[in-house]
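data_1.cif follows (mmCIF, C-alpha atoms):
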```
data_upload
loop_
_atom_site.label_atom_id
_atom_site.label_comp_id
_atom_site.auth_asym_id
_atom_site.auth_seq_id
_atom_site.Cartn_x
_atom_site.Cartn_y
_atom_site.Cartn_z
CA MET A 1 0.00 0.00 0.00
CA PHE A 2 1.44 3.40 0.79
CA GLY A 3 5.16 3.60 1.46
CA ARG A 4 4.42 5.24 4.77
CA LEU A 5 1.90 2.64 5.73
CA GLU A 6 4.31 -0.10 4.79
CA LYS A 7 6.97 1.51 6.96
CA LEU A 8 4.53 1.76 9.84
CA LEU A 9 3.54 -1.86 9.51
CA SER A 10 7.11 -3.05 9.21
CA MET A 11 8.09 -1.08 12.30
CA GLN A 12 5.19 -2.59 14.17
CA SER A 13 5.89 -6.11 12.98
CA THR A 14 9.36 -6.00 14.43
CA ALA A 15 7.86 -5.28 17.82
CA ALA A 16 5.03 -7.73 17.40
CA ARG A 17 4.57 -10.67 19.70
CA GLY A 18 2.42 -13.76 19.50
CA THR A 19 -0.98 -14.25 20.98
CA ALA A 20 -1.86 -14.00 24.66
CA LEU A 21 -1.61 -17.80 24.81
CA ALA A 22 1.91 -17.96 23.37
CA PRO A 23 3.63 -18.39 26.78
CA LEU A 24 1.39 -21.35 27.58
CA GLN A 25 2.10 -22.87 24.17
CA TRP A 26 5.82 -22.54 24.77
CA LEU A 27 5.49 -24.09 28.24
CA ALA A 28 3.48 -26.99 26.85
CA GLY A 29 6.06 -27.50 24.12
CA ILE A 30 8.94 -27.51 26.58
CA LEU A 31 7.17 -29.90 28.95
CA GLY A 32 6.18 -32.18 26.07
CA THR A 33 9.75 -32.31 24.80
CA ALA A 34 11.05 -32.92 28.32
CA LEU A 35 8.51 -35.70 28.79
CA VAL A 36 9.53 -37.46 25.57
CA GLY A 37 13.18 -37.01 26.50
CA ALA A 38 12.60 -38.40 29.98
CA ILE A 39 10.80 -41.47 28.62
CA LYS A 40 13.52 -42.12 26.03
CA ALA A 41 16.25 -41.65 28.61
CA ASN A 42 14.53 -44.10 30.99
CA ALA A 43 14.25 -41.44 33.65
CA PRO A 44 12.79 -42.36 37.06
CA THR A 45 9.05 -42.93 36.99
CA SER A 46 8.48 -40.05 39.41
CA VAL A 47 10.11 -37.58 36.98
CA VAL A 48 8.02 -38.87 34.06
CA TRP A 49 4.82 -38.64 36.13
CA THR A 50 5.69 -35.16 37.34
CA LEU A 51 6.27 -33.96 33.79
CA LEU A 52 3.07 -35.63 32.59
CA VAL A 53 0.99 -34.04 35.37
CA LEU A 54 2.52 -30.63 34.66
CA LEU A 55 1.84 -31.03 30.93
CA ILE A 56 -1.78 -32.01 31.55
CA ALA A 57 -2.16 -29.05 33.92
CA VAL A 58 -0.76 -26.64 31.32
CA VAL A 59 -3.06 -28.05 28.63
CA VAL A 60 -6.07 -27.70 30.93
CA VAL A 61 -5.10 -24.11 31.81
CA PHE A 62 -4.58 -23.42 28.08
CA LEU A 63 -8.08 -24.66 27.25
CA VAL A 64 -9.66 -22.69 30.08
CA VAL A 65 -7.82 -19.49 29.16
CA TYR A 66 -8.68 -20.02 25.48
CA CYS A 67 -12.37 -20.29 26.31
CA VAL A 68 -12.22 -17.19 28.53
CA PHE A 69 -10.51 -15.10 25.83
CA ALA A 70 -12.80 -16.48 23.11
CA SER A 71 -15.83 -15.22 24.97
CA ARG A 72 -14.47 -12.00 26.45
CA ASN A 73 -11.63 -10.75 24.23
CA PRO A 74 -11.26 -12.68 20.96
CA ASP A 75 -8.66 -10.20 19.66
CA ALA A 76 -6.25 -11.46 22.34
CA LEU A 77 -6.22 -14.80 20.54
CA ARG A 78 -4.94 -13.15 17.39
CA SER A 79 -1.31 -12.25 17.07
CA GLU A 80 -0.16 -8.88 18.31
CA LYS A 81 1.12 -8.21 14.79
CA TYR A 82 -2.41 -8.60 13.48
CA ALA A 83 -3.78 -6.23 16.13
CA LEU A 84 -1.12 -3.59 15.37
CA SER A 85 -1.68 -3.89 11.62
CA ARG A 86 -5.39 -3.51 12.09
CA MET A 87 -4.87 -0.44 14.27
CA ALA A 88 -2.71 1.14 11.56
CA LEU A 89 -5.30 0.42 8.89
CA GLU A 90 -8.16 1.65 11.04
CA ARG A 91 -6.61 5.09 11.36
CA GLY A 92 -6.82 7.35 8.38
CA LEU A 93 -3.32 8.48 7.49
CA ILE A 94 -2.81 12.20 6.96
CA GLY A 95 -0.18 14.28 5.24
CA ASP A 96 0.81 15.55 1.82
CA ASP A 97 3.13 14.59 -1.01
CA ARG A 98 5.84 16.78 0.46
CA ALA A 99 5.72 15.62 4.10
CA GLY A 100 4.56 12.06 3.41
CA LEU A 101 1.85 10.13 5.18
CA HIS A 102 1.66 10.06 8.94
CA ASP A 103 -0.30 8.21 11.53
CA PRO A 104 -2.33 10.88 13.37
CA ALA A 105 -1.33 9.24 16.67
CA GLU A 106 2.37 9.82 16.00
CA PRO A 107 3.93 12.40 18.33
CA GLY A 108 4.19 15.80 16.65
CA VAL A 109 1.88 14.96 13.76
CA GLY A 110 -0.85 17.06 15.30
CA GLY A 111 1.44 20.05 14.75
CA SER A 112 4.05 21.18 17.21
CA SER A 113 3.40 24.88 16.84
CA VAL A 114 0.51 26.98 18.02
CA PRO A 115 -2.38 27.24 15.55
CA ILE A 116 -2.45 30.56 13.74
CA PRO A 117 -4.41 32.09 10.89
CA VAL A 118 -2.71 31.32 7.55
CA ASP A 119 -3.78 32.59 4.14
CA SER A 120 -2.86 32.84 0.48
CA ASP A 121 -0.64 35.87 1.15
CA SER A 122 1.68 33.51 3.05
CA SER A 123 2.80 32.12 -0.34
CA LYS A 124 4.45 35.44 -1.17
CA LYS A 125 6.35 35.44 2.11
CA VAL A 126 8.07 32.12 1.36
CA GLY A 127 9.10 33.26 -2.11
CA GLY A 128 6.52 31.24 -4.01
CA HIS A 129 5.78 32.43 -7.52
CA VAL A 130 2.19 33.55 -7.07
CA GLN A 131 0.08 33.93 -10.15
CA MET B 1 -0.89 24.00 -16.71
CA SER B 2 -1.96 21.81 -13.83
CA SER B 3 -5.51 21.65 -12.57
CA LYS B 4 -6.35 22.22 -8.93
CA LEU B 5 -9.17 20.43 -7.26
CA ILE B 6 -10.79 20.04 -3.90
CA VAL B 7 -12.23 16.68 -2.93
CA MET B 8 -14.64 16.34 -0.05
CA SER B 9 -16.14 13.15 1.27
CA ASN B 10 -19.06 12.47 3.52
CA GLY B 11 -18.46 9.98 6.31
CA ALA B 12 -15.44 8.23 4.80
CA THR B 13 -14.06 5.58 7.12
CA PRO B 14 -10.29 5.58 7.77
CA GLU B 15 -9.91 2.71 5.29
CA GLN B 16 -11.83 4.67 2.66
CA GLN B 17 -9.76 7.79 3.40
CA ASN B 18 -6.59 5.79 2.87
CA ALA B 19 -8.00 4.37 -0.37
CA VAL B 20 -8.78 7.87 -1.67
CA THR B 21 -5.29 9.09 -0.79
CA LEU B 22 -3.76 6.05 -2.48
CA THR B 23 -5.84 6.65 -5.60
CA ILE B 24 -4.75 10.28 -5.87
CA LYS B 25 -1.15 9.30 -5.27
CA ALA B 26 -1.33 6.50 -7.86
CA HIS B 27 -2.57 8.95 -10.47
CA GLY B 28 0.60 10.99 -10.20
CA ALA B 29 -0.89 14.13 -8.73
CA GLY B 30 0.31 16.31 -5.89
CA TRP B 31 -1.94 15.92 -2.89
CA TRP B 32 -2.72 17.40 0.51
CA HIS B 33 -4.74 15.49 3.08
CA TRP B 34 -4.29 16.83 6.59
CA PHE B 35 -8.02 16.89 7.26
CA GLY B 36 -9.88 13.60 7.43
CA GLN B 37 -12.62 14.22 4.89
CA GLY B 38 -10.81 16.59 2.53
CA TRP B 39 -8.10 16.44 -0.13
CA LEU B 40 -6.44 19.04 -2.29
CA ILE B 41 -5.13 17.85 -5.63
CA ARG B 42 -2.66 19.53 -7.91
CA ASP B 43 -2.85 17.54 -11.11
CA PRO B 44 -0.02 18.02 -13.62
CA TYR B 45 -2.11 16.19 -16.25
CA SER B 46 -4.93 18.76 -15.95
CA ARG B 47 -7.68 16.21 -15.41
CA GLY B 48 -11.03 17.69 -14.44
CA ALA B 49 -13.52 17.06 -11.64
CA ALA B 50 -15.42 14.27 -13.41
CA SER B 51 -12.24 12.42 -14.21
CA TRP B 52 -11.16 12.50 -10.57
CA ARG B 53 -14.63 11.55 -9.35
CA ASP B 54 -14.53 8.49 -11.58
CA ALA B 55 -11.02 7.60 -10.48
CA ILE B 56 -11.97 7.78 -6.81
CA ARG B 57 -15.24 5.93 -7.40
CA SER B 58 -13.34 3.09 -9.03
CA SER B 59 -11.47 2.61 -5.73
CA VAL B 60 -14.24 3.47 -3.28
CA PRO B 61 -17.50 2.92 -5.17
CA HIS B 62 -20.04 3.80 -2.52
CA LEU B 63 -18.35 6.76 -0.90
CA HIS B 64 -20.19 10.04 -1.30
CA ILE B 65 -17.77 12.61 -2.66
CA PHE B 66 -17.77 16.11 -4.04
CA VAL B 67 -15.00 17.16 -6.40
CA VAL B 68 -14.62 20.76 -7.46
CA GLN B 69 -12.01 22.27 -9.73
CA VAL B 70 -10.86 25.67 -8.54
CA ALA B 71 -9.65 28.62 -10.54
CA THR B 72 -6.21 30.06 -9.98
CA PRO B 73 -4.98 32.00 -8.21
CA THR B 74 -7.07 30.79 -5.30
CA ASP B 75 -7.82 33.02 -2.38
CA TRP B 76 -7.63 30.83 0.68
CA ALA B 77 -7.51 31.31 4.42
CA ALA B 78 -7.05 28.75 7.16
CA PHE B 79 -6.54 28.43 10.87
CA GLY B 80 -4.14 25.79 12.08
CA THR B 81 -0.48 24.97 12.48
CA THR B 82 1.87 26.12 9.74
CA GLU B 83 3.20 22.55 9.34
CA HIS B 84 -0.20 21.47 8.09
CA PHE B 85 -0.44 24.28 5.55
CA GLN B 86 3.15 24.39 4.33
CA TRP B 87 2.17 22.41 1.24
CA VAL B 88 -0.62 24.85 0.46
CA ILE B 89 1.68 27.82 1.00
CA GLU B 90 4.42 26.39 -1.20
CA ARG B 91 2.53 24.50 -3.88
CA TRP B 92 -1.08 25.59 -4.24
CA ASN B 93 -0.81 29.03 -5.82
CA VAL B 94 2.56 28.48 -7.42
CA ASN B 95 2.89 28.55 -11.22
CA ASP B 96 3.71 25.35 -13.13
#
```

Please re-express this file's structure in structure tokens.
Amino acid sequence: MFGRLEKLLSMQSTAARGTALAPLQWLAGILGTALVGAIKANAPTSVVWTLLVLLIAVVVVFLVVYCVFASRNPDALRSEKYALSRMALERGLIGDDRAGLHDPAEPGVGGSSVPIPVDSDSSKKVGGHVQ
Amino acid sequence: MSSKLIVMSNGATPEQQNAVTLTIKAHGAGWWHWFGQGWLIRDPYSRGAASWRDAIRSSVPHLHIFVVQVATPTDWAAFGTTEHFQWVIERWNVND
């Protein structure tokens, strides 16, 4: 789309994180891997059972949290990148071909100086060739 | 000589505003869009109001718009920050 918009989105994507459930997914993945490793390494039964119980607990918590977010805040289940991209698209970008496009929420885009009356005579003051 | 036009929209959503800006930009014209529902166009190809209406409608079919070509030099007056009107000061009433 616009160069400015693309820049905005790329900046946001670098800062983007996964969904609200990403930490639980990582934990489940680590526990699952540890469990498989423990079984293959013939670890003590207590270790295997501990890992299995923890994995089941994480999966149960994951399902509960998923259901809570699905009913109360579905956007939290989408990636943060998606949310940031949507925010950028939902705001009308402002600017001109000289200054480029800006997100109105950007600091300073609202104008750093005090509003003053400006008129067509101002063109003469900046040396513009007025017809 | 370039044509100068003012485009106004009625109730354009941010997505529609972005689409209008993109359309103007894609048609190779100079543009100003510091206010949500308004655009200034400086068209080096001298296209008229109907041409721009059709171009914008092709991108945003259902958006209500009003395009008016203005004579030059244009007498204009505004109230706001100079940053927002620098384009108008430097490019609106300037000869081709």

Cut-off 10 Å: closest chain B/chain A atom pairs per residue, using all atoms listed in the file, as a tab-separated table:
```
residue	atom	partner	partner_atom	distance
B:Ala12	CA	A:Gly92	CA	9.4
B:Thr13	CA	A:Gly92	CA	7.6
B:Pro14	CA	A:Gly92	CA	3.9
B:Glu15	CA	A:Glu90	CA	6.1
B:Gln16	CA	A:Gly92	CA	8.1
B:Gln17	CA	A:Gly92	CA	5.8
B:Asn18	CA	A:Gly92	CA	5.7
B:Ala19	CA	A:Met1	CA	9.1
B:Thr21	CA	A:Leu93	CA	8.5
B:Leu22	CA	A:Phe2	CA	6.7
B:Lys25	CA	A:Asp97	CA	8.0
B:Ala26	CA	A:Phe2	CA	9.6
B:Ala29	CA	A:Asp97	CA	8.7
B:Gly30	CA	A:Asp97	CA	5.9
B:Trp31	CA	A:Asp96	CA	5.5
B:Trp32	CA	A:Asp96	CA	4.2
B:His33	CA	A:Gly95	CA	5.2
B:Trp34	CA	A:Ile94	CA	4.9
B:Phe35	CA	A:Ile94	CA	7.0
B:Gly36	CA	A:Gly92	CA	7.0
B:Gln37	CA	A:Gly92	CA	9.6
B:Trp39	CA	A:Asp96	CA	9.2
B:Leu40	CA	A:Asp96	CA	9.0
B:Ile41	CA	A:Asp96	CA	9.8
B:Thr72	CA	A:Gln131	CA	7.4
B:Pro73	CA	A:Gln131	CA	5.8
B:Thr74	CA	A:Ser120	CA	7.4
B:Asp75	CA	A:Ser120	CA	5.7
B:Trp76	CA	A:Ser120	CA	5.2
B:Ala77	CA	A:Asp119	CA	4.0
B:Ala78	CA	A:Val118	CA	5.1
B:Phe79	CA	A:Pro117	CA	4.2
B:Gly80	CA	A:Pro115	CA	4.2
B:Thr81	CA	A:Pro115	CA	4.3
B:Thr82	CA	A:Val118	CA	7.3
B:Glu83	CA	A:Gly111	CA	6.2
B:His84	CA	A:Gly111	CA	7.0
B:Phe85	CA	A:Val118	CA	7.7
B:Gln86	CA	A:Arg98	CA	9.0
B:Trp87	CA	A:Arg98	CA	6.8
B:Val88	CA	A:Ser123	CA	8.1
B:Ile89	CA	A:Ser123	CA	4.6
B:Glu90	CA	A:Gly128	CA	6.0
B:Arg91	CA	A:Gly128	CA	7.8
B:Trp92	CA	A:Ser123	CA	8.5
B:Asn93	CA	A:Val130	CA	5.6
B:Val94	CA	A:Val130	CA	5.1
B:Asn95	CA	A:His129	CA	6.1
B:Asp96	CA	A:His129	CA	9.3
```

Expressed in Å to a single decimal, how great is the separation between CA of Val65 in chain A and CA of Ser79 in chain A?
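Separating CA of Val65 in chain A from CA of Ser79 in chain A is a distance of 15.5 Å.
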
Enumerate, as a PDB file with C-alpha atoms, in the frame of the given file, the residues matched when the PyMOL selection byres ((chain B and resi 2) around 8) is run on the file above.
```pdb
ATOM      1  CA  MET B   1      -0.890  24.000 -16.710  1.00  0.00           C
ATOM      2  CA  SER B   3      -5.510  21.650 -12.570  1.00  0.00           C
ATOM      3  CA  LYS B   4      -6.350  22.220  -8.930  1.00  0.00           C
ATOM      4  CA  ARG B  42      -2.660  19.530  -7.910  1.00  0.00           C
ATOM      5  CA  ASP B  43      -2.850  17.540 -11.110  1.00  0.00           C
ATOM      6  CA  PRO B  44      -0.020  18.020 -13.620  1.00  0.00           C
ATOM      7  CA  TYR B  45      -2.110  16.190 -16.250  1.00  0.00           C
ATOM      8  CA  SER B  46      -4.930  18.760 -15.950  1.00  0.00           C
ATOM      9  CA  ASP B  96       3.710  25.350 -13.130  1.00  0.00           C
TER      10      ASP B  96
END
```

Mind giving me the straight-line distance from CA of Ile30 in chain A to CA of Leu51 in chain A in Å, one decimal?
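Result for CA of Ile30 in chain A versus CA of Leu51 in chain A: 10.0 Å, one decimal.
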
Tell me, in Å to one decimal, how far CA of Ile56 in chain B is from CA of Val7 in chain B.
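CA of Val7 in chain B lies at a distance of 9.7 Å from CA of Ile56 in chain B.
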
Please identify all polymer residues lying at most 12 Å from the point (-15.4, 8.4, -6.4) (file coordinates), using all atoms listed in the file, and present the result as a VMD selection string.
chain B and resid 7 to 10 12 16 to 17 19 to 21 23 to 24 49 to 67

When distances are computed from only C-alpha atoms, which of A:Ala57, A:Val68, A:Leu52, A:Ala22 shows the smallest separation from Gly37 in chain A?
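Under the stated criterion, the closest residue is A:Leu52.
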